2 protein chains.
Amino acid sequence: MTERRILQSYLGGRWISGTGPAHTPVNPATEEPLADVRGEGLDRAGALDHARTVGGPALRALTFAQRGAMLRAVTDALQAHRNELLDLAVANGGNTRSDAKFDVDGAIFTLAAYADLGKGLGEVKVLADGEGIPLARSPRFHGQHIMVPRTGVAVHVNAFNFPAWGLAEKAAVALLAGMPVLSKPATSSALVAHRMLEILTEAKVLPDGALSLLMGGAGDLLAHLGPFDVVAFTGSSDTGETIRGLPSVIENSVRVNVEADSLNAAVLGPDVAAGDETYEYFLKDVLRDMTQKAGQKCTAIRRVLVPADRADRFRDDLVGRLQGITVGNPALEGVRMGPVATASQLAYVRAGVALLARHGLLVFGRGEVQAVGVPPGKGFFTTPVLIEVESGASAPAVHSREVFGPVATLVPYSGAAAEAAELIGRGRGGLVSSVYSEDTAFTAEVVLGIAPCHGRVFLGSAKIAEASPGPGTVLPMLVHGGPGRAGGGEELGGLRGLSFYMQRVALEGSRPVIEKILK
Amino acid sequence: MTERRILQSYLGGRWISGTGPAHTPVNPATEEPLADVRGEGLDRAGALDHARTVGGPALRALTFAQRGAMLRAVTDALQAHRNELLDLAVANGGNTRSDAKFDVDGAIFTLAAYADLGKGLGEVKVLADGEGIPLARSPRFHGQHIMVPRTGVAVHVNAFNFPAWGLAEKAAVALLAGMPVLSKPATSSALVAHRMLEILTEAKVLPDGALSLLMGGAGDLLAHLGPFDVVAFTGSSDTGETIRGLPSVIENSVRVNVEADSLNAAVLGPDVAAGDETYEYFLKDVLRDMTQKAGQKCTAIRRVLVPADRADRFRDDLVGRLQGITVGNPALEGVRMGPVATASQLAYVRAGVALLARHGLLVFGRGEVQAVGVPPGKGFFTTPVLIEVESGASAPAVHSREVFGPVATLVPYSGAAAEAAELIGRGRGGLVSSVYSEDTAFTAEVVLGIAPCHGRVFLGSAKIAEASPGPGTVLPMLVHGGPGRAGGGEELGGLRGLSFYMQRVALEGSRPVIEKILK
């Protein structure tokens with residue numbers, strides 16, 4: 001038996017090895033084992049307690065500006081090791097270098113944004129929430145809402161697809177708010193998150209207990225949550241439901257934020273002719289979302305709504321582009337799409353494609369592919385897959401089954417805004433959908449029609465094509481999350497994200513006293 | 001068998017009788033039956049659907065100003081029937097006339113406050129949330145958060161203690177936000193809520209489907225909730241937990257707001273000498289919270305922290321005041337405290353007192369009382385009860401068992417702010433606690449120490465004694481709710497309360513287009 005590197009957990013302020021059976025993250029392109037993770041025998045309750053009793057007070061002793069400076073130091077430390085993190089993302093994530101940048105640079109960018117927000121909040125420990133409120137004719141009797149850090153620990157359970165960004169975007173917000181974090185990455189892609197913690201502990205940029213890392217399964221972690229803790233989860237609806245239903249969570253009113261499944265849609269307006277600048281932009285965004293990170297983005301476009309009278313042309317154009325996508329070992333130059341993350345993800349993708357294909361026509365990709373630059377039969381590869389349905393109304397699975405891979409469905413529609421909104425609404429709650437049109441009336445009708453069931457709506461237009469990264473990119477200044485199927489959560493959104501980690505309190509009393517306390 | 005009046009439900013836009021066994025609200029002072037409620041055979045799913053498909057679109061077609069005007073008409077209609085509602089609250093709620101005003105006038109005041117807020121929001125249907133956000137160097141690429149009404153139904157499950165205010169404070173916020181409401185009052189005290197609906201349907205001040213009323217048990221009501229519905233519950237922690245754990249709620253990411261148990265504390269500062277203006281104010285607030293509505297307020301002071309060196313004096317002063325409280329039929333002049341709401345509430349109060357008394361000394365009230373103006377042995381009466389413990393640290397039940405009646409515990413403490421904050425924190429999350437002191441340093445230390453575990457902190461000072469209604473009154477402009485044991489919810493707070501009933505959406509795109517859509 002070869003001696004493989006053990007990925008330790010960072011709990012209670014030290015690196016520590018678990019026991020029990022080994023789980024072995026691999027290179028998903030070559031299936032080469034990369035390290036071992038053993039998750040038993042770790043004192044999860046003790047780790048939570050260390051975060052609460054050591055990390056929490058240390059963070060709360062800092063002002064927002066000081067916590068911002070701390071995040072700036074985190075950003076700098078990771079930036080100094082960027083290439084190393086990119087290499088790990090390629091090796092362990094099946095990422096092309098471009099995919100890896102999307103994850104790692106996204107992490108750094110989000111941390112930097114929250115560092116700036118902290119600087120802007122200044123040398124205060126309590127945030128005022130809105131203006132003072134006169135409560136009686138007497139100006140003395142006065143109300144003021146404030147936000148203070150919650151005194152528990154923030155548990156972050158992250159998904160396999162963004163090991164860097166997932167850790168960073170959640171931790172940035174919690175740490176700026178003043179809450180210590182215990183982060184649990186997905187084991188299959190844990191090398192990047194693990195290395196990030198090594199970098200940060202070596203750089204000594206965080207107080208003891210501010211950021212812990214649990215390698216391996218959650219085990220009994222969540223059973224130890226108390227009334228001032230929070231848990232934020234990104235992953236499948238099923239696991240989200242399990243977390244919401246835990247006795248510890250229900251009995252203690254633990255705040256839960258879930259980002260789960262989402263059948264993100266993109267609709268092409270009837271005003272857009274094939275070959276238009278807006279058409280090309282739409283095509284490019286759909287292609288990017290299908291192939292970037294092999295489609296493993298929770299925000300990726302899954303349903304592509306195109307006016308029926310130009311569906312043939314659009315399908316042909318998209319298929320033409322998909323034919324140019326080289327699938328293979330993402331470490332190689334020229335490879336445009338790597339594998340999905342794990343064997344079980346590949347199986348899910350295949351099952352999902354089989355289901356969708358029962359409702360429509362497989363117009364591109366049969367899944368099986370001889371990937372470039374890998375030993376025959378190795379790696380968790382699939383081609384991109386495009387399915388076309390005759391009618392969105394008669395293909396329920398298109399609106400309910402998220403196939404988490406390079407898979408999209410082409411849905412022709414009449415070109416009426418109301419029909420587009422109705423079809424999109426069948427997703428029963430999503431993270432982001434988008435409208436590509438230069439017709440403001442059409443755009444407005446779709447946007448306002450789908451707004452109640454989304455956390456974000458992207459307005460695609462040739463006017464922003466140069467500046468925008470497309471709907472699939474989550475920006476720290478905008479909220480990320482969505483109702484219903486998407487989990488009902490909300491993250492980021494600049495300062496909005498802090499409120500999950502803070503308690504809003506109404507102070508009610510004499511105005512001069514309240515002002516003195518907050519000065 | 002006498003023919004009693006049947007309280008019908010108002011569902012699907014019409015009054016309708018249930019079937020099955022009768023539940024019979026009584027006068028809790030005399031036990032005289034007042035009406036019958038039958039809750040079986042009602043089409044709860046159909047009622048929810050009517051609210052979603054008829055009430056929702058009608059409300060969303062109105063601007064905020066129009067919905068404000070609608071709430072103003074609701075306010076006026078109820079105001080025109082105020083005396084009748086007060087009489088019903090006395091008869092069915094065990095309320096003194098003053099208690100009844102607290103409930104009914106509180107309802108009218110809160111509705112009026114949200115009517116004004118609606119007017120202030122103007123002729124818009126979409127709320128901007130914050131300023132526009134530049135997303136790139138190009139000023140064209142732009143973000144704007146907006147709030148839009150959720151497209152489901154708001155189910156409100158109210159507690160027995162505030163039939164008027166409970167219905168009104170929840171409905172005011174939801175209706176202004178643009179969501180239809182199905183309200184379920186507690187059966188035992190349902191006459192007031194039922195009469196309110198009669199008044200409003202007769203006055204025709206609400207669109208069809210905007211406000212429904214379910215009389216009788218919830219039955220399968222909550223099993224029919226979908227991803228865009230919300231449920232707000234006020235009542236016991238146990239029921240709150242049951243609601244949170246429902247499969248329909250978990251699977252659909254239904255938003256849940258819970259207001260549950262709370263061991264509200266009030267602490268007297270060490271700077272306050274017996275006989276001081278602030279001391280008298282503290283005494284008055286404690287007495288009011290113990291006896292108003294027979295202590296059945298979720299915000300009532302349950303734990304009274306007094307510096308040990310003046311605990312004897314305070315106990316004697318409070319006991320002196322309690323001796324002057326006449327308990328009896330609240331319909332009679334001179335009666336200061338009525339019964340609790342039901343026989344089972346009385347049993348809970350007695351059991352709670354027995355538990356607390358094991359930890360301390362019963363210094364006032366044995367529970368048993370010959371109430372004034374009622375037939376012997378009738379009515380759900382108890383005396384006020386004051387228990388004194390030797391030390392808050394060695395009496396865990398004092399911090400965990402909410403006795404929902406005219407019961408408080410006197411807890412001596414050292415006079416140190418840190419000790420007061422620590423003892424209050426043992427409540428593990430509360431709605432409101434209060435500090436009575438003229439020493440700003442002491443006040444600041446307690447306030448900031450307890451803020452993370454409360455939704456509201458009241459700063460008692462002689463300077464506001466004239467203007468303030470005390471910590472037990474919930475004002476519409478301040479948030480109401482609390483973390484942990486208090487259920488983790490948040491209501492009211494002026495416009496803050498609307499967000500529970502709305503979806504926040506980030507619009508991302510070309511600035512001129514976004515501005516045109518929102519203009």
# chains A, B, ... in the order shown; residues from 1 in each chain; ligands from 1
>>> closest_atom_pairs(of="chain B", to="chain A", cutoff="6 Å", atoms="only C-alpha atoms", output="Markdown table")
| residue | atom | partner | partner_atom | distance |
| --- | --- | --- | --- | --- |
| B:Phe141 | CA | A:Ile464 | CA | 5.7 |
| B:Arg150 | CA | A:Pro452 | CA | 5.6 |
| B:Pro227 | CA | A:Gly484 | CA | 4.4 |
| B:Glu241 | CA | A:Ile250 | CA | 5.7 |
| B:Gly245 | CA | A:Gly245 | CA | 5.6 |
| B:Ile250 | CA | A:Glu241 | CA | 5.7 |
| B:Asn252 | CA | A:Gly484 | CA | 5.4 |
| B:Ser253 | CA | A:Gly484 | CA | 5.1 |
| B:Ala444 | CA | A:Ile517 | CA | 5.5 |
| B:Pro452 | CA | A:Arg150 | CA | 5.6 |
| B:Gly455 | CA | A:Val505 | CA | 4.6 |
| B:Arg456 | CA | A:Ala506 | CA | 4.4 |
| B:Val457 | CA | A:Leu507 | CA | 5.1 |
| B:Phe458 | CA | A:Glu508 | CA | 4.8 |
| B:Leu459 | CA | A:Gly509 | CA | 4.7 |
| B:Ile464 | CA | A:Phe141 | CA | 5.8 |
| B:Leu478 | CA | A:Ala506 | CA | 5.9 |
| B:Gly484 | CA | A:Pro227 | CA | 4.4 |
| B:Gly487 | CA | A:Ser253 | CA | 5.6 |
| B:Gly488 | CA | A:Ser253 | CA | 5.4 |
| B:Gln503 | CA | A:Pro452 | CA | 5.6 |
| B:Val505 | CA | A:Gly455 | CA | 4.6 |
| B:Ala506 | CA | A:Arg456 | CA | 4.4 |
| B:Leu507 | CA | A:Val457 | CA | 5.1 |
| B:Glu508 | CA | A:Phe458 | CA | 4.8 |
| B:Gly509 | CA | A:Leu459 | CA | 4.7 |
| B:Ile517 | CA | A:Ala444 | CA | 5.5 |
>>> write_last_selection(atoms="N, CA and C atoms", output="PDB file, in the first residue's frame")
ATOM      1  N   PHE B 141     -23.013  48.883 -17.168  1.00  0.00           N
ATOM      2  CA  PHE B 141     -23.275  47.576 -16.545  1.00  0.00           C
ATOM      3  C   PHE B 141     -23.567  47.806 -15.070  1.00  0.00           C
ATOM      4  N   ARG B 150     -44.319  38.299  -3.007  1.00  0.00           N
ATOM      5  CA  ARG B 150     -44.335  36.864  -3.289  1.00  0.00           C
ATOM      6  C   ARG B 150     -45.709  36.487  -3.840  1.00  0.00           C
ATOM      7  N   PRO B 227     -43.989  26.596  -2.611  1.00  0.00           N
ATOM      8  CA  PRO B 227     -42.712  27.306  -2.500  1.00  0.00           C
ATOM      9  C   PRO B 227     -42.814  28.828  -2.395  1.00  0.00           C
ATOM     10  N   GLU B 241     -41.959  24.348  16.501  1.00  0.00           N
ATOM     11  CA  GLU B 241     -41.078  23.282  16.024  1.00  0.00           C
ATOM     12  C   GLU B 241     -41.819  22.326  15.086  1.00  0.00           C
ATOM     13  N   GLY B 245     -40.894  21.605  11.115  1.00  0.00           N
ATOM     14  CA  GLY B 245     -40.533  20.257  10.686  1.00  0.00           C
ATOM     15  C   GLY B 245     -41.500  19.638   9.692  1.00  0.00           C
ATOM     16  N   ILE B 250     -40.499  21.960   4.690  1.00  0.00           N
ATOM     17  CA  ILE B 250     -39.098  21.661   4.408  1.00  0.00           C
ATOM     18  C   ILE B 250     -38.874  21.459   2.908  1.00  0.00           C
ATOM     19  N   ASN B 252     -40.522  22.529   0.344  1.00  0.00           N
ATOM     20  CA  ASN B 252     -40.772  23.680  -0.523  1.00  0.00           C
ATOM     21  C   ASN B 252     -40.023  24.936  -0.102  1.00  0.00           C
ATOM     22  N   SER B 253     -39.092  24.811   0.841  1.00  0.00           N
ATOM     23  CA  SER B 253     -38.397  25.993   1.362  1.00  0.00           C
ATOM     24  C   SER B 253     -39.387  27.088   1.733  1.00  0.00           C
ATOM     25  N   ALA B 444     -25.057  50.799  28.976  1.00  0.00           N
ATOM     26  CA  ALA B 444     -24.363  50.401  27.748  1.00  0.00           C
ATOM     27  C   ALA B 444     -23.822  48.985  27.869  1.00  0.00           C
ATOM     28  N   PRO B 452     -27.149  40.590  21.415  1.00  0.00           N
ATOM     29  CA  PRO B 452     -27.122  39.467  20.457  1.00  0.00           C
ATOM     30  C   PRO B 452     -28.191  38.409  20.702  1.00  0.00           C
ATOM     31  N   GLY B 455     -34.444  40.538  20.271  1.00  0.00           N
ATOM     32  CA  GLY B 455     -34.962  41.324  19.162  1.00  0.00           C
ATOM     33  C   GLY B 455     -35.166  42.779  19.531  1.00  0.00           C
ATOM     34  N   ARG B 456     -35.293  43.034  20.828  1.00  0.00           N
ATOM     35  CA  ARG B 456     -35.494  44.418  21.269  1.00  0.00           C
ATOM     36  C   ARG B 456     -34.920  44.570  22.662  1.00  0.00           C
ATOM     37  N   VAL B 457     -34.311  45.705  22.912  1.00  0.00           N
ATOM     38  CA  VAL B 457     -33.823  46.018  24.255  1.00  0.00           C
ATOM     39  C   VAL B 457     -34.393  47.380  24.640  1.00  0.00           C
ATOM     40  N   PHE B 458     -35.009  47.408  25.800  1.00  0.00           N
ATOM     41  CA  PHE B 458     -35.680  48.615  26.282  1.00  0.00           C
ATOM     42  C   PHE B 458     -34.805  49.277  27.337  1.00  0.00           C
ATOM     43  N   LEU B 459     -34.576  50.568  27.176  1.00  0.00           N
ATOM     44  CA  LEU B 459     -33.731  51.321  28.106  1.00  0.00           C
ATOM     45  C   LEU B 459     -34.648  52.158  28.990  1.00  0.00           C
ATOM     46  N   ILE B 464     -37.900  58.982  30.093  1.00  0.00           N
ATOM     47  CA  ILE B 464     -38.909  58.600  29.096  1.00  0.00           C
ATOM     48  C   ILE B 464     -40.169  58.046  29.749  1.00  0.00           C
ATOM     49  N   LEU B 478     -40.883  49.257  15.452  1.00  0.00           N
ATOM     50  CA  LEU B 478     -39.716  48.502  15.932  1.00  0.00           C
ATOM     51  C   LEU B 478     -39.929  47.011  15.676  1.00  0.00           C
ATOM     52  N   GLY B 484     -33.290  32.144  18.937  1.00  0.00           N
ATOM     53  CA  GLY B 484     -33.276  31.004  19.848  1.00  0.00           C
ATOM     54  C   GLY B 484     -34.652  30.637  20.360  1.00  0.00           C
ATOM     55  N   GLY B 487     -37.884  31.845  19.007  1.00  0.00           N
ATOM     56  CA  GLY B 487     -38.395  31.346  17.736  1.00  0.00           C
ATOM     57  C   GLY B 487     -37.599  31.772  16.521  1.00  0.00           C
ATOM     58  N   GLY B 488     -36.706  32.743  16.700  1.00  0.00           N
ATOM     59  CA  GLY B 488     -35.871  33.150  15.567  1.00  0.00           C
ATOM     60  C   GLY B 488     -36.593  34.014  14.560  1.00  0.00           C
ATOM     61  N   GLN B 503     -39.978  39.042  -2.292  1.00  0.00           N
ATOM     62  CA  GLN B 503     -38.767  38.416  -2.788  1.00  0.00           C
ATOM     63  C   GLN B 503     -37.797  39.525  -3.174  1.00  0.00           C
ATOM     64  N   VAL B 505     -34.770  40.635  -5.337  1.00  0.00           N
ATOM     65  CA  VAL B 505     -34.205  40.193  -6.611  1.00  0.00           C
ATOM     66  C   VAL B 505     -33.158  41.209  -7.048  1.00  0.00           C
ATOM     67  N   ALA B 506     -32.026  40.706  -7.468  1.00  0.00           N
ATOM     68  CA  ALA B 506     -31.004  41.576  -8.050  1.00  0.00           C
ATOM     69  C   ALA B 506     -31.245  41.656  -9.549  1.00  0.00           C
ATOM     70  N   LEU B 507     -31.444  42.852 -10.048  1.00  0.00           N
ATOM     71  CA  LEU B 507     -31.478  43.039 -11.504  1.00  0.00           C
ATOM     72  C   LEU B 507     -30.071  43.421 -11.944  1.00  0.00           C
ATOM     73  N   GLU B 508     -29.634  42.788 -13.015  1.00  0.00           N
ATOM     74  CA  GLU B 508     -28.256  42.976 -13.471  1.00  0.00           C
ATOM     75  C   GLU B 508     -28.313  43.218 -14.974  1.00  0.00           C
ATOM     76  N   GLY B 509     -27.848  44.367 -15.417  1.00  0.00           N
ATOM     77  CA  GLY B 509     -27.888  44.621 -16.855  1.00  0.00           C
ATOM     78  C   GLY B 509     -27.555  46.064 -17.198  1.00  0.00           C
ATOM     79  N   ILE B 517     -37.436  50.123 -16.717  1.00  0.00           N
ATOM     80  CA  ILE B 517     -38.359  49.122 -16.176  1.00  0.00           C
ATOM     81  C   ILE B 517     -38.937  49.569 -14.830  1.00  0.00           C
TER      82      ILE B 517
END
>>> residues_around(residues="range 27-42 of chain A", least_positions_apart="6", cutoff="9 Å", atoms="only C-alpha atoms", output="ChimeraX atom specification")
/A:4-9,11,16-21,90-94,187,189,191,214-219,328-331,338-343,371,373-375,378-381
>>> select_by_dssp(residues="range 440-490 of chain A", states="helix (DSSP H, G or I)", output="list in words")
Thr440, Ala441, Phe442, Thr443, Ala444, Glu445, Val446, Val447, Leu448, Gly449, Ile450, Ala451, Pro452, Cys453, Ala462, Lys463, Ile464, Gly484, Arg485 and Ala486 of chain A
>>> write_last_selection(atoms="C-alpha atoms", output="PDB file, in the first residue's frame")
ATOM      1  CA  THR A 440     -37.500  47.064 -23.335  1.00  0.00           C
ATOM      2  CA  ALA A 441     -41.214  46.288 -23.208  1.00  0.00           C
ATOM      3  CA  PHE A 442     -40.553  42.568 -23.772  1.00  0.00           C
ATOM      4  CA  THR A 443     -37.702  42.595 -21.284  1.00  0.00           C
ATOM      5  CA  ALA A 444     -39.794  44.390 -18.669  1.00  0.00           C
ATOM      6  CA  GLU A 445     -42.667  41.938 -18.984  1.00  0.00           C
ATOM      7  CA  VAL A 446     -40.437  38.901 -18.600  1.00  0.00           C
ATOM      8  CA  VAL A 447     -38.329  40.446 -15.829  1.00  0.00           C
ATOM      9  CA  LEU A 448     -41.308  41.471 -13.706  1.00  0.00           C
ATOM     10  CA  GLY A 449     -43.052  38.191 -14.462  1.00  0.00           C
ATOM     11  CA  ILE A 450     -40.184  36.018 -13.253  1.00  0.00           C
ATOM     12  CA  ALA A 451     -38.803  38.271 -10.508  1.00  0.00           C
ATOM     13  CA  PRO A 452     -40.935  36.743  -7.697  1.00  0.00           C
ATOM     14  CA  CYS A 453     -39.407  33.317  -8.263  1.00  0.00           C
ATOM     15  CA  ALA A 462     -25.507  43.915 -26.664  1.00  0.00           C
ATOM     16  CA  LYS A 463     -24.961  47.129 -24.726  1.00  0.00           C
ATOM     17  CA  ILE A 464     -23.371  45.288 -21.816  1.00  0.00           C
ATOM     18  CA  GLY A 484     -38.468  27.426  -3.570  1.00  0.00           C
ATOM     19  CA  ARG A 485     -36.466  24.761  -5.337  1.00  0.00           C
ATOM     20  CA  ALA A 486     -33.354  26.959  -5.113  1.00  0.00           C
TER      21      ALA A 486
END
>>> closest_residue(among="B:Asp105, B:Glu123, B:Asp87, B:Glu368", to="Gly68 in chain B", atoms="only C-alpha atoms")
B:Glu123
>>> atom_distance(atom1="CA of Ser433 in chain B", atom2="CA of Gly235 in chain B")
18.8 Å
>>> residues_around(residues="Ala172 in chain A", least_positions_apart="2", cutoff="12 Å", atoms="only C-alpha atoms", output="tab-separated table (two decimals) with N, CA and C atoms, in the first residue's frame")
chain	number	residue	atom	x	y	z
A	67	ARG	N	-11.67	44.16	10.75
A	67	ARG	CA	-12.01	42.89	10.11
A	67	ARG	C	-11.83	43.00	8.59
A	68	GLY	N	-12.10	44.18	8.05
A	68	GLY	CA	-11.83	44.41	6.63
A	68	GLY	C	-10.34	44.27	6.33
A	69	ALA	N	-9.51	44.84	7.18
A	69	ALA	CA	-8.06	44.73	6.99
A	69	ALA	C	-7.61	43.27	7.09
A	70	MET	N	-8.23	42.54	7.98
A	70	MET	CA	-7.96	41.11	8.12
A	70	MET	C	-8.30	40.37	6.82
A	71	LEU	N	-9.43	40.70	6.23
A	71	LEU	CA	-9.80	40.06	4.97
A	71	LEU	C	-8.86	40.47	3.84
A	72	ARG	N	-8.38	41.69	3.93
A	72	ARG	CA	-7.39	42.14	2.93
A	72	ARG	C	-6.13	41.27	3.05
A	73	ALA	N	-5.71	40.99	4.27
A	73	ALA	CA	-4.53	40.14	4.47
A	73	ALA	C	-4.80	38.71	3.97
A	74	VAL	N	-6.01	38.23	4.17
A	74	VAL	CA	-6.39	36.92	3.64
A	74	VAL	C	-6.27	36.93	2.11
A	75	THR	N	-6.83	37.98	1.51
A	75	THR	CA	-6.77	38.13	0.05
A	75	THR	C	-5.33	38.09	-0.44
A	107	ALA	N	-12.79	33.64	-5.73
A	107	ALA	CA	-12.59	33.65	-4.27
A	107	ALA	C	-11.85	34.91	-3.85
A	108	ILE	N	-10.77	35.20	-4.55
A	108	ILE	CA	-9.94	36.34	-4.18
A	108	ILE	C	-10.71	37.65	-4.38
A	109	PHE	N	-11.44	37.73	-5.49
A	109	PHE	CA	-12.21	38.94	-5.80
A	109	PHE	C	-13.28	39.19	-4.73
A	110	THR	N	-13.94	38.11	-4.30
A	110	THR	CA	-15.01	38.26	-3.31
A	110	THR	C	-14.44	38.66	-1.95
A	111	LEU	N	-13.33	38.03	-1.57
A	111	LEU	CA	-12.68	38.43	-0.31
A	111	LEU	C	-12.27	39.90	-0.36
A	112	ALA	N	-11.73	40.32	-1.50
A	112	ALA	CA	-11.29	41.72	-1.63
A	112	ALA	C	-12.48	42.67	-1.54
A	113	ALA	N	-13.61	42.26	-2.13
A	113	ALA	CA	-14.80	43.12	-2.08
A	113	ALA	C	-15.26	43.30	-0.64
A	114	TYR	N	-15.23	42.23	0.15
A	114	TYR	CA	-15.66	42.35	1.54
A	114	TYR	C	-14.60	43.06	2.39
A	115	ALA	N	-13.34	42.95	2.01
A	115	ALA	CA	-12.32	43.75	2.68
A	115	ALA	C	-12.63	45.23	2.48
A	116	ASP	N	-12.99	45.61	1.27
A	116	ASP	CA	-13.33	47.01	0.98
A	116	ASP	C	-14.58	47.45	1.73
A	117	LEU	N	-15.57	46.57	1.77
A	117	LEU	CA	-16.79	46.91	2.50
A	117	LEU	C	-16.48	47.17	3.98
A	118	GLY	N	-15.62	46.34	4.54
A	118	GLY	CA	-15.24	46.52	5.94
A	118	GLY	C	-14.55	47.85	6.17
A	154	ALA	N	-20.56	29.99	12.74
A	154	ALA	CA	-21.16	29.81	11.42
A	154	ALA	C	-20.59	28.54	10.80
A	156	HIS	N	-20.32	26.24	7.63
A	156	HIS	CA	-20.47	26.32	6.18
A	156	HIS	C	-20.22	24.96	5.55
A	164	ALA	N	-12.70	26.75	-3.83
A	164	ALA	CA	-12.09	28.02	-3.40
A	164	ALA	C	-13.16	29.09	-3.16
A	165	TRP	N	-13.96	29.33	-4.19
A	165	TRP	CA	-14.96	30.39	-4.10
A	165	TRP	C	-15.98	30.08	-3.00
A	166	GLY	N	-16.41	28.81	-2.93
A	166	GLY	CA	-17.41	28.43	-1.94
A	166	GLY	C	-16.94	28.71	-0.53
A	167	LEU	N	-15.70	28.34	-0.24
A	167	LEU	CA	-15.16	28.63	1.08
A	167	LEU	C	-15.08	30.15	1.30
A	168	ALA	N	-14.54	30.84	0.28
A	168	ALA	CA	-14.24	32.26	0.45
A	168	ALA	C	-15.48	33.13	0.53
A	169	GLU	N	-16.45	32.87	-0.35
A	169	GLU	CA	-17.59	33.80	-0.39
A	169	GLU	C	-18.41	33.71	0.90
A	170	LYS	N	-18.52	32.52	1.45
A	170	LYS	CA	-19.26	32.39	2.71
A	170	LYS	C	-18.42	32.94	3.87
A	174	ALA	N	-19.20	36.09	6.70
A	174	ALA	CA	-19.32	35.76	8.13
A	174	ALA	C	-18.23	36.44	8.94
A	175	LEU	N	-17.00	36.39	8.44
A	175	LEU	CA	-15.89	36.98	9.19
A	175	LEU	C	-16.04	38.50	9.28
A	176	LEU	N	-16.49	39.12	8.20
A	176	LEU	CA	-16.69	40.57	8.28
A	176	LEU	C	-17.80	40.89	9.28
A	177	ALA	N	-18.83	40.05	9.31
A	177	ALA	CA	-19.92	40.27	10.27
A	177	ALA	C	-19.46	40.07	11.71
A	178	GLY	N	-18.38	39.32	11.89
A	178	GLY	CA	-17.88	39.08	13.24
A	178	GLY	C	-18.15	37.69	13.77
A	179	MET	N	-18.48	36.75	12.90
A	179	MET	CA	-18.75	35.38	13.35
A	179	MET	C	-17.62	34.44	12.92
A	180	PRO	N	-17.18	33.57	13.82
A	180	PRO	CA	-16.19	32.56	13.45
A	180	PRO	C	-16.82	31.50	12.55
A	181	VAL	N	-15.99	30.88	11.74
A	181	VAL	CA	-16.46	29.97	10.71
A	181	VAL	C	-15.85	28.58	10.89
A	183	SER	N	-15.70	25.53	8.30
A	183	SER	CA	-16.03	25.24	6.91
A	183	SER	C	-15.79	23.76	6.63
A	206	LEU	N	-5.35	35.38	10.57
A	206	LEU	CA	-6.65	35.30	11.24
A	206	LEU	C	-6.45	34.98	12.71
A	210	ALA	N	-10.95	31.68	14.41
A	210	ALA	CA	-11.80	32.41	13.47
A	210	ALA	C	-12.21	31.55	12.28
A	211	LEU	N	-11.33	30.65	11.86
A	211	LEU	CA	-11.64	29.83	10.69
A	211	LEU	C	-11.13	28.42	10.90
A	476	PRO	N	-20.12	39.66	-5.94
A	476	PRO	CA	-20.31	39.85	-4.50
A	476	PRO	C	-21.28	40.97	-4.13
A	491	GLU	N	-27.39	34.94	-0.17
A	491	GLU	CA	-26.02	35.22	0.26
A	491	GLU	C	-25.54	36.48	-0.43
A	492	LEU	N	-24.39	36.96	0.00
A	492	LEU	CA	-23.70	38.08	-0.65
A	492	LEU	C	-24.59	39.33	-0.75
A	494	GLY	N	-23.42	42.39	-1.19
A	494	GLY	CA	-22.74	43.44	-0.43
A	494	GLY	C	-23.07	43.31	1.05
A	495	LEU	N	-23.46	44.41	1.66
A	495	LEU	CA	-23.73	44.38	3.09
A	495	LEU	C	-24.97	43.55	3.43
A	497	GLY	N	-25.59	40.58	2.84
A	497	GLY	CA	-25.22	39.25	3.30
A	497	GLY	C	-24.86	39.19	4.77
A	498	LEU	N	-24.45	40.33	5.34
A	498	LEU	CA	-24.04	40.32	6.75
A	498	LEU	C	-25.20	39.97	7.68
A	501	TYR	N	-25.62	36.74	9.57
A	501	TYR	CA	-24.66	36.45	10.64
A	501	TYR	C	-24.78	37.42	11.82
>>> select_by_dssp(residues="range 79-279 of chain B", states="strand (DSSP E)", output="number ranges by chain")
B: 127-134, 141-149, 154-157, 181-184, 211-213, 230-234, 255-259, 265-268
>>> residues_around(residues="Phe282 in chain A", least_positions_apart="4", cutoff="7 Å", atoms="only C-alpha atoms", output="ChimeraX atom specification")
/A:278,286,436
>>> write_last_selection(atoms="C-alpha atoms", output="short mmCIF file (atom, residue, chain, number, x, y, z; two decimals), in the first residue's frame")
data_model
loop_
_atom_site.label_atom_id
_atom_site.label_comp_id
_atom_site.auth_asym_id
_atom_site.auth_seq_id
_atom_site.Cartn_x
_atom_site.Cartn_y
_atom_site.Cartn_z
CA THR A 278 -27.48 40.28 -29.20
CA VAL A 286 -25.27 29.67 -23.49
CA TYR A 436 -31.66 38.60 -24.04
#
